[in-house]
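A.B. asks: protein.txt is reproduced below (compact mmCIF, C-alpha atoms and all ligand atoms).
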# COMPACT_ATOMS: atom_id res chain seq x y z
CA MET A 1 45.56 143.19 104.20
CA ASN A 2 46.35 141.29 107.36
CA THR A 3 50.04 140.53 107.09
CA GLN A 4 50.08 139.03 110.56
CA VAL A 5 47.94 136.10 109.44
CA GLU A 6 49.76 135.70 106.15
CA ASN A 7 53.09 135.43 107.89
CA MET A 8 51.80 132.40 109.72
CA ILE A 9 51.68 130.27 106.59
CA ASN A 10 54.81 128.18 106.55
CA CYS A 11 56.19 126.10 103.70
CA LYS A 12 54.69 122.61 103.69
CA ILE A 13 58.03 121.23 102.53
CA CYS A 14 60.73 122.93 104.60
CA ASN A 15 58.69 124.92 107.14
CA SER A 16 60.32 128.26 106.25
CA THR A 17 58.34 131.46 105.91
CA THR A 18 56.37 132.18 102.75
CA ASP A 19 55.23 135.23 100.83
CA LYS A 20 51.82 135.62 99.28
CA PHE A 21 52.61 136.72 95.74
CA TYR A 22 49.53 135.97 93.69
CA SER A 23 45.75 135.52 93.97
CA THR A 24 43.25 134.24 91.47
CA THR A 25 39.82 132.69 91.20
CA VAL A 26 39.68 128.90 91.13
CA LEU A 27 36.79 126.93 89.58
CA GLN A 28 35.38 130.33 88.65
CA LYS A 29 34.23 131.05 92.19
CA TYR A 30 36.82 130.40 94.93
CA GLU A 31 39.44 132.96 95.89
CA ALA A 32 42.85 131.28 96.02
CA ASP A 33 46.12 132.76 97.27
CA TYR A 34 49.52 131.46 96.23
CA TYR A 35 52.42 131.44 98.69
CA LYS A 36 56.06 131.03 97.79
CA CYS A 37 58.63 129.66 100.20
CA SER A 38 61.47 132.08 100.90
CA SER A 39 63.90 129.20 101.25
CA CYS A 40 63.11 126.24 98.96
CA GLY A 41 60.92 128.07 96.43
CA PHE A 42 57.95 125.74 96.89
CA ILE A 43 54.61 127.31 95.94
CA GLN A 44 51.43 126.30 97.72
CA THR A 45 47.86 127.57 97.55
CA SER A 46 45.85 128.75 100.50
CA GLU A 47 43.77 126.02 102.16
CA PRO A 48 42.08 124.42 99.11
CA VAL A 49 38.48 124.55 100.31
CA TRP A 50 37.47 123.87 96.68
CA ILE A 51 39.23 120.53 96.47
CA LYS A 52 36.18 118.28 96.73
CA GLU A 53 34.51 120.07 93.88
CA ALA A 54 37.74 119.98 91.87
CA TYR A 55 37.66 116.18 92.01
CA SER A 56 34.05 115.67 91.01
CA SER A 57 35.82 114.08 88.05
CA ALA A 58 39.24 112.55 88.82
CA ILE A 59 40.55 113.32 85.35
CA THR A 60 39.50 116.76 84.24
CA SER A 61 38.10 117.59 80.82
CA LEU A 62 41.15 119.78 80.34
CA ASP A 63 43.57 116.85 80.61
CA ILE A 64 43.64 116.30 76.87
CA GLY A 65 47.41 115.76 77.04
CA LEU A 66 46.97 112.42 78.77
CA ILE A 67 47.49 110.17 75.75
CA GLN A 68 50.48 112.01 74.29
CA ARG A 69 52.07 112.28 77.74
CA ASN A 70 51.81 108.54 78.27
CA LEU A 71 53.21 107.78 74.83
CA GLU A 72 56.27 109.91 75.61
CA LEU A 73 56.64 108.64 79.16
CA LYS A 74 56.67 105.00 78.16
CA VAL A 75 59.73 105.61 75.97
CA GLN A 76 61.48 107.74 78.59
CA VAL A 77 60.75 105.40 81.48
CA ALA A 78 61.69 102.24 79.56
CA ASN A 79 64.98 103.97 78.76
CA ILE A 80 65.58 104.83 82.43
CA ILE A 81 64.74 101.32 83.59
CA ASP A 82 66.97 99.67 80.97
CA ARG A 83 69.90 101.90 81.80
CA VAL A 84 69.68 102.29 85.56
CA PHE A 85 67.15 99.92 87.08
CA ALA A 86 67.40 96.92 84.75
CA ASP A 87 67.15 94.41 87.60
CA SER A 88 63.65 95.63 88.56
CA THR A 89 61.18 92.77 88.65
CA VAL A 90 58.01 94.43 89.93
CA MET A 91 57.04 98.07 89.52
CA ILE A 92 54.07 100.27 90.34
CA ASP A 93 52.47 103.31 88.75
CA TYR A 94 51.13 105.31 91.69
CA GLY A 95 48.13 107.49 90.93
CA GLY A 96 48.03 105.57 87.69
CA GLY A 97 44.66 106.88 86.50
CA TYR A 98 42.89 104.71 83.94
CA GLY A 99 45.83 102.29 83.86
CA LEU A 100 46.98 103.29 80.39
CA PHE A 101 50.65 103.60 81.33
CA VAL A 102 50.63 100.25 83.14
CA ARG A 103 49.11 98.48 80.14
CA MET A 104 51.60 100.06 77.76
CA MET A 105 54.54 99.14 79.96
CA ARG A 106 53.28 95.57 80.32
CA ASP A 107 52.99 95.40 76.53
CA LEU A 108 56.68 96.30 76.43
CA GLY A 109 57.51 93.57 78.94
CA TYR A 110 57.80 95.59 82.17
CA ASN A 111 55.96 94.08 85.12
CA PHE A 112 53.97 97.16 86.21
CA TYR A 113 50.97 97.37 88.51
CA ARG A 114 48.55 100.25 89.02
CA GLN A 115 47.46 102.16 92.12
CA ASP A 116 44.88 104.94 92.19
CA ILE A 117 42.22 105.42 94.83
CA TYR A 118 40.51 108.22 92.90
CA CYS A 119 40.17 106.77 89.44
CA GLU A 120 38.70 103.65 87.88
CA ASN A 121 41.16 101.13 86.48
CA LEU A 122 40.07 100.75 82.87
CA PHE A 123 43.12 99.40 81.06
CA ALA A 124 45.03 97.44 83.70
CA LYS A 125 42.34 95.38 85.37
CA CYS A 126 43.80 92.45 87.38
CA PHE A 127 47.10 94.35 87.58
CA ASP A 128 46.25 96.65 90.44
CA LEU A 129 47.95 97.07 93.80
CA GLU A 130 44.87 95.36 95.22
CA ASP A 131 45.62 92.25 93.14
CA LEU A 132 48.90 91.75 94.99
CA PRO A 133 49.58 90.50 98.50
CA ALA A 134 49.49 93.23 101.16
CA LYS A 135 52.82 94.95 101.80
CA THR A 136 54.28 94.03 98.43
CA LYS A 137 57.52 95.96 97.90
CA PHE A 138 58.30 97.40 94.50
CA ASP A 139 61.68 97.86 92.86
CA LEU A 140 60.50 101.12 91.41
CA LEU A 141 57.54 103.47 91.65
CA THR A 142 56.45 105.86 88.92
CA THR A 143 54.05 108.69 89.61
CA PHE A 144 53.17 111.12 86.86
CA GLU A 145 51.47 114.47 87.24
CA VAL A 146 50.67 113.65 90.85
CA PHE A 147 53.05 115.82 92.92
CA GLU A 148 51.29 119.06 91.96
CA HIS A 149 48.04 117.59 93.29
CA LEU A 150 49.39 116.78 96.76
CA ILE A 151 47.86 118.68 99.65
CA ASN A 152 50.35 117.13 102.08
CA PRO A 153 53.39 116.39 99.90
CA VAL A 154 55.83 115.23 102.59
CA GLU A 155 53.33 112.78 104.03
CA GLU A 156 52.37 111.45 100.60
CA ILE A 157 55.94 111.09 99.40
CA ALA A 158 56.81 109.22 102.60
CA LYS A 159 53.91 106.89 101.82
CA MET A 160 55.20 106.31 98.29
CA LEU A 161 58.64 105.54 99.68
CA THR A 162 57.18 102.75 101.81
CA LEU A 163 56.13 101.07 98.53
CA SER A 164 59.46 101.59 96.81
CA GLU A 165 62.78 103.22 97.54
CA THR A 166 63.02 104.60 94.00
CA LEU A 167 60.58 107.17 92.64
CA ILE A 168 60.47 108.28 89.02
CA PHE A 169 58.04 111.16 88.80
CA SER A 170 56.88 113.98 86.61
CA THR A 171 55.81 117.44 87.62
CA VAL A 172 56.70 120.59 85.70
CA LEU A 173 59.13 122.80 87.63
CA ALA A 174 57.69 126.22 88.43
CA PRO A 175 58.93 129.32 86.59
CA ASP A 176 61.19 131.62 88.59
CA THR A 177 59.37 134.88 88.20
CA THR A 178 55.95 135.92 89.44
CA ALA A 179 55.08 137.29 86.01
CA ASP A 180 55.73 133.91 84.40
CA PHE A 181 53.83 132.06 87.12
CA LYS A 182 50.73 134.18 86.56
CA THR A 183 50.43 133.10 82.95
CA TRP A 184 51.64 129.53 83.48
CA TRP A 185 49.09 127.01 82.16
CA TYR A 186 50.06 124.57 84.92
CA VAL A 187 48.43 126.73 87.62
CA SER A 188 45.19 125.57 86.03
CA PRO A 189 42.68 127.60 88.10
CA LEU A 190 39.78 126.36 85.96
CA THR A 191 40.21 122.83 87.34
CA GLY A 192 41.46 123.65 90.86
CA GLN A 193 43.44 120.41 91.17
CA HIS A 194 46.96 121.85 91.18
CA VAL A 195 47.87 123.05 94.64
CA ALA A 196 51.64 122.41 94.89
CA PHE A 197 54.39 123.70 92.61
CA TYR A 198 58.02 122.70 92.96
CA SER A 199 61.29 124.33 92.12
CA PHE A 200 64.51 122.40 91.68
CA ARG A 201 65.52 123.58 95.17
CA THR A 202 62.31 122.13 96.58
CA LEU A 203 63.16 118.75 95.11
CA GLU A 204 66.71 119.02 96.44
CA PHE A 205 65.31 119.66 99.90
CA LEU A 206 63.03 116.62 99.62
CA ALA A 207 65.90 114.43 98.45
CA LYS A 208 67.96 115.44 101.46
CA LYS A 209 65.04 114.96 103.81
CA PHE A 210 64.45 111.42 102.60
CA ASN A 211 68.14 110.65 102.25
CA LYS A 212 68.03 110.11 98.47
CA GLN A 213 69.87 111.29 95.41
CA LEU A 214 67.96 113.62 93.09
CA TYR A 215 68.25 113.47 89.33
CA SER A 216 66.21 115.75 87.09
CA ASN A 217 65.99 116.72 83.45
CA GLY A 218 65.47 120.24 84.78
CA VAL A 219 62.02 120.49 83.27
CA ASN A 220 59.48 117.86 84.23
CA LEU A 221 61.03 114.44 84.88
CA HIS A 222 62.79 113.55 88.11
CA ILE A 223 64.22 110.58 89.98
CA LEU A 224 64.60 110.10 93.73
CA THR A 225 66.71 107.06 94.52
CA ALA A 226 69.48 105.78 96.75
CA LYS A 227 71.33 104.70 93.62
CA VAL A 228 74.24 106.78 92.38
CA ILE A 229 73.94 107.39 88.64
CA ASP A 230 77.09 108.42 86.77
CA LYS A 231 77.14 111.44 84.48
CA THR A 232 77.30 109.54 81.18
CA THR A 233 74.36 107.33 82.11
CA LEU A 234 72.44 110.32 83.36
CA ASP A 235 72.95 112.20 80.10
CA ALA A 236 71.70 109.18 78.18
CA VAL A 237 68.76 108.79 80.54
CA PHE A 238 67.54 112.35 80.06
CA SER A 239 68.62 112.96 76.49
CA GLY A 240 65.53 111.27 75.13
CA GLU A 241 67.90 109.29 72.94
CA LYS A 242 67.56 105.58 73.22
CA LYS A 243 71.24 105.04 72.51
CA SER A 244 74.22 106.83 73.91
CA PHE A 245 76.81 108.42 71.66
CA SER A 246 79.37 105.66 72.20
CA GLU A 247 76.82 103.02 71.31
CA LYS A 248 75.90 104.86 68.13
CA LEU A 249 79.58 105.14 67.30
CA ILE A 250 80.05 101.41 67.77
CA ARG A 251 77.08 100.84 65.52
CA ARG A 252 78.51 103.10 62.84
CA ILE A 253 81.99 101.61 62.99
CA PHE A 254 80.97 97.99 63.01
CA ASN A 255 77.76 98.53 61.10
CA LYS A 256 75.85 96.12 63.23
CA PRO A 257 73.16 96.50 65.85
CA VAL A 258 74.22 96.86 69.47
CA GLN A 259 73.13 94.03 71.72
CA GLU A 260 69.87 95.03 73.35
CA ALA A 261 68.11 93.54 76.32
CA LYS A 262 65.06 92.44 74.34
CA LYS A 263 62.02 92.23 76.51
CA GLN A 264 59.10 89.99 75.73
CA SER A 265 55.67 91.61 75.84
CA LEU A 266 53.58 90.44 78.78
CA LEU A 267 50.43 90.66 76.66
CA PRO A 268 49.97 86.93 75.88
CA GLN A 269 50.65 85.79 79.44
CA ASP A 270 48.42 88.57 80.86
CA TYR A 271 45.63 87.39 78.57
CA ALA A 272 46.00 83.82 79.80
CA PHE A 273 46.16 85.00 83.41
CA ILE A 274 42.93 87.03 83.20
CA GLU A 275 41.18 84.26 81.26
CA LYS A 276 42.06 81.76 83.98
CA LYS A 277 40.87 84.16 86.65
CA LEU A 278 37.52 84.65 84.90
CA LEU A 279 37.04 80.92 84.40
CA SER A 280 37.76 80.16 88.05
CA LYS A 281 34.98 82.57 89.02
CA SER A 282 32.31 80.98 86.85
ZN ZN B 1 60.22 125.57 101.56
ZN ZN B 2 47.33 117.54 87.19
Please render this file's structure as C-alpha cells.
Ligand SMILES: [Zn+2]
Ligand SMILES: [Zn+2]
C.D. replies:
Amino acid sequence: MNTQVENMINCKICNSTTDKFYSTTVLQKYEADYYKCSSCGFIQTSEPVWIKEAYSSAITSLDIGLIQRNLELKVQVANIIDRVFADSTVMIDYGGGYGLFVRMMRDLGYNFYRQDIYCENLFAKCFDLEDLPAKTKFDLLTTFEVFEHLINPVEEIAKMLTLSETLIFSTVLAPDTTADFKTWWYVSPLTGQHVAFYSFRTLEFLAKKFNKQLYSNGVNLHILTAKVIDKTTLDAVFSGEKKSFSEKLIRRIFNKPVQEAKKQSLLPQDYAFIEKKLLSKS
C-alpha cells in the first residue's frame, strides 16, 4: 500500500486531508476507493474512470424509486415554497430528469422549468431552461438526487447559484461509521453514478463557503438560502405536516378551514401555450 500517494488526495469540498477507508468493485469491474475527509466528513471516490460507462443510461435501471420520490417531493417542496418562498414567480428543477417533477409542480400551479443536459425531457416539453431567455434568474432552484453524482461539487454548486440564490436539494446524508457505509444502498456500486457523499458538516462547510444559511431535515432534504427561517416555520417545513400545530388548533377551535393560498393549476394555460407554439410552426 502506497500511503504517500493516498495522502495526496485532498477533500474536494474543504481541501483537508482524507483517509481511504473502503474499496469495492464498481460496475462489476472497476476498483474504486472511498476517501473520507478528516475535517468535513465528505466522502469521495477515487478518480471515477468508470463514469462514462455509468452514464450509458442517464437514469439507471435501479432507480425504481423515481416515481415515489417525486410524489413525496412535490408535497414537501410545495409546503416549503408556501411557507418560506411564497413570492417565488419562476423556479427551476436542475438535473430534472424526464421532467416529471416540473410537470407535477406546474399542475399544482408552481411555475417550474426543467434543466438536464443528460436526460431527455419527456414530461415538461416547452418548459425547459432552453425555452427561456438566456441568463434568466430563478427565485428558487430545486435539485434532487444530484449532489451525490457531482464529480466537482463546489464548481457545480457555484453554477447552480448563478441560476438562483436559493437551492432546495435532496441527497441522503452519509452514515457516520465505516461499517454502516459499507452496507449503505446509496453507495450503489452496481451503477457507479454515486461519487460524492455528504455529512451534515460538509453541508455546513458549503453553506459558509457560499455565504448562505443551511437548513436540513437531518436525513435527505436540505435548503441553502440567504433567507433566515425561524424555528417554528422550519419545524413546519420539515415536519411533513401541511399545517402547523397552531393552525390545526385554530381549525379545531373555530371548526373552519384555515385560509389557504389556493394556487390555480397551470395545466390549462400550458396546454394553450404549447398548442399555439405548435400551430405557429405549421
Ligand atoms: Zn472536507
Ligand atoms: Zn443517484
A.B. asks: What would the list of residues within 9 Å of (53.2, 107.8, 82.2) (file frame) look like as an MDAnalysis selection string, if all atoms listed in the file are what count?
C.D. replies: chainID A and resid 66:67 69:74 77 93 96 100:102 142:145 169:170
A.B. asks: Could those residues be written to a file, using C-alpha atoms, as a compact mmCIF listing (two decimals), keeping the file's coordinate frame?
C.D. replies:
# COMPACT_ATOMS: atom_id res chain seq x y z
CA LEU A 66 46.97 112.42 78.77
CA ILE A 67 47.49 110.17 75.75
CA ARG A 69 52.07 112.28 77.74
CA ASN A 70 51.81 108.54 78.27
CA LEU A 71 53.21 107.78 74.83
CA GLU A 72 56.27 109.91 75.61
CA LEU A 73 56.64 108.64 79.16
CA LYS A 74 56.67 105.00 78.16
CA VAL A 77 60.75 105.40 81.48
CA ASP A 93 52.47 103.31 88.75
CA GLY A 96 48.03 105.57 87.69
CA LEU A 100 46.98 103.29 80.39
CA PHE A 101 50.65 103.60 81.33
CA VAL A 102 50.63 100.25 83.14
CA THR A 142 56.45 105.86 88.92
CA THR A 143 54.05 108.69 89.61
CA PHE A 144 53.17 111.12 86.86
CA GLU A 145 51.47 114.47 87.24
CA PHE A 169 58.04 111.16 88.80
CA SER A 170 56.88 113.98 86.61
A.B. asks: Quick check, in Å to one decimal: how far apart do atom CA of Tyr22 of chain A and atom CA of Leu62 of chain A lie?
C.D. replies: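 These atoms are spaced 22.6 Å apart.
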A.B. asks: Please list as a list in words every residue within 10 Å of segment 120-130 of chain A, counting only C-alpha atoms and excluding residues in the same chain fewer than 6 positions away.
C.D. replies: Ala58, Ile92, Asp93, Tyr94, Gly96, Gly97, Tyr98, Gly99, Leu100, Phe101, Val102, Arg103, Met104, Arg106, Asn111, Phe112, Tyr113, Arg114, Thr136, Asp270, Phe273, Ile274 and Lys277 of chain A
A.B. asks: Could you tell me, counting all atoms listed in the file, which protein and nucleic acid residues lie no more than 7 Å from ligand ZN 2 (chain B), written as a PyMOL selection string?
C.D. replies: chain A and resi 145-146+148-149+193-194
A.B. asks: Name each residue within 9 Å of ligand ZN 1 (chain B), counting all atoms listed in the file, as a VMD selection string.
C.D. replies: chain A and resid 10 to 18 36 to 43 201 to 202 205
A.B. asks: Can you tell me, as a list in words, what residues are no more than 8 Å from Val195 of chain A when counting all atoms listed in the file, ignoring any on the same chain fewer than 4 positions away?
C.D. replies: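 The contact residues come out as Gln44, Thr45, Pro48, Glu148, His149, Leu150, Ile151 and Val187 of chain A.
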A.B. asks: Taking all atoms listed in the file into account, name the residue in A:Met8, A:Met91, A:Leu108, A:Ile51 that is nearest to Pro268 of chain A.
C.D. replies: A:Leu108
A.B. asks: Compile the contact shell of Thr60 of chain A as a PyMOL selection string: residues with an atom at most 10 Å away, counting all atoms listed in the file, same-chain residues fewer than 4 positions apart removed.
C.D. replies: chain A and resi 54-56+64+190-193
A.B. asks: Taking only C-alpha atoms into account, which of A:Leu163, A:Ala78, A:Lys281, A:Cys119 comes nearest Asp107 of chain A?
C.D. replies: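 Of A:Leu163, A:Ala78, A:Lys281, A:Cys119, the one nearest Asp107 of chain A is A:Ala78, counting only C-alpha atoms.
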A.B. asks: Using all atoms listed in the file, which protein or nucleic acid residues come within 10 Å of segment 215-227 of chain A? Drop anything in the same chain fewer than 6 positions from it, and give the result as a ChimeraX atom specification.
C.D. replies: /A:73,76-77,80,84-85,140-142,144-145,161,164-175,199-200,203-204,206-208,234-235,237-240
A.B. asks: Give me a file of those residues, with C-alpha atoms, as a short mmCIF file (atom, residue, chain, number, x, y, z; two decimals), in the frame of the given file.
C.D. replies:
data_model
loop_
_atom_site.label_atom_id
_atom_site.label_comp_id
_atom_site.auth_asym_id
_atom_site.auth_seq_id
_atom_site.Cartn_x
_atom_site.Cartn_y
_atom_site.Cartn_z
CA LEU A 73 56.64 108.64 79.16
CA GLN A 76 61.48 107.74 78.59
CA VAL A 77 60.75 105.40 81.48
CA ILE A 80 65.58 104.83 82.43
CA VAL A 84 69.68 102.29 85.56
CA PHE A 85 67.15 99.92 87.08
CA LEU A 140 60.50 101.12 91.41
CA LEU A 141 57.54 103.47 91.65
CA THR A 142 56.45 105.86 88.92
CA PHE A 144 53.17 111.12 86.86
CA GLU A 145 51.47 114.47 87.24
CA LEU A 161 58.64 105.54 99.68
CA SER A 164 59.46 101.59 96.81
CA GLU A 165 62.78 103.22 97.54
CA THR A 166 63.02 104.60 94.00
CA LEU A 167 60.58 107.17 92.64
CA ILE A 168 60.47 108.28 89.02
CA PHE A 169 58.04 111.16 88.80
CA SER A 170 56.88 113.98 86.61
CA THR A 171 55.81 117.44 87.62
CA VAL A 172 56.70 120.59 85.70
CA LEU A 173 59.13 122.80 87.63
CA ALA A 174 57.69 126.22 88.43
CA PRO A 175 58.93 129.32 86.59
CA SER A 199 61.29 124.33 92.12
CA PHE A 200 64.51 122.40 91.68
CA LEU A 203 63.16 118.75 95.11
CA GLU A 204 66.71 119.02 96.44
CA LEU A 206 63.03 116.62 99.62
CA ALA A 207 65.90 114.43 98.45
CA LYS A 208 67.96 115.44 101.46
CA LEU A 234 72.44 110.32 83.36
CA ASP A 235 72.95 112.20 80.10
CA VAL A 237 68.76 108.79 80.54
CA PHE A 238 67.54 112.35 80.06
CA SER A 239 68.62 112.96 76.49
CA GLY A 240 65.53 111.27 75.13
#
A.B. asks: One decimal, in Å: what's the spacing between atom CA of Thr178 of chain A and atom CA of Leu214 of chain A?
C.D. replies: 25.6 Å
A.B. asks: May I ask for the distance between atom CA of Lys20 of chain A and atom CA of Asp176 of chain A, given in Å to one decimal place?
C.D. replies: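 Atom-to-atom, atom CA of Lys20 of chain A to atom CA of Asp176 of chain A, that is 14.8 Å.
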A.B. asks: Mind listing as a list in words all residues within 10 Å of (37.3, 124.4, 99.7), counting all atoms listed in the file?
C.D. replies: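 The distance filter leaves exactly Val26, Tyr30, Glu31, Ala32, Ser46, Glu47, Pro48, Val49, Trp50, Ile51, Lys52, Glu53, Ala54 and Gly192 of chain A.
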A.B. asks: Considering all atoms listed in the file, state which residue in the set A:Gln28, A:Gln269, A:Asn211, A:Lys159 is at the smallest distance from Lys135 of chain A.
C.D. replies: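 That would be A:Lys159, the residue with the smallest distance to Lys135 of chain A.
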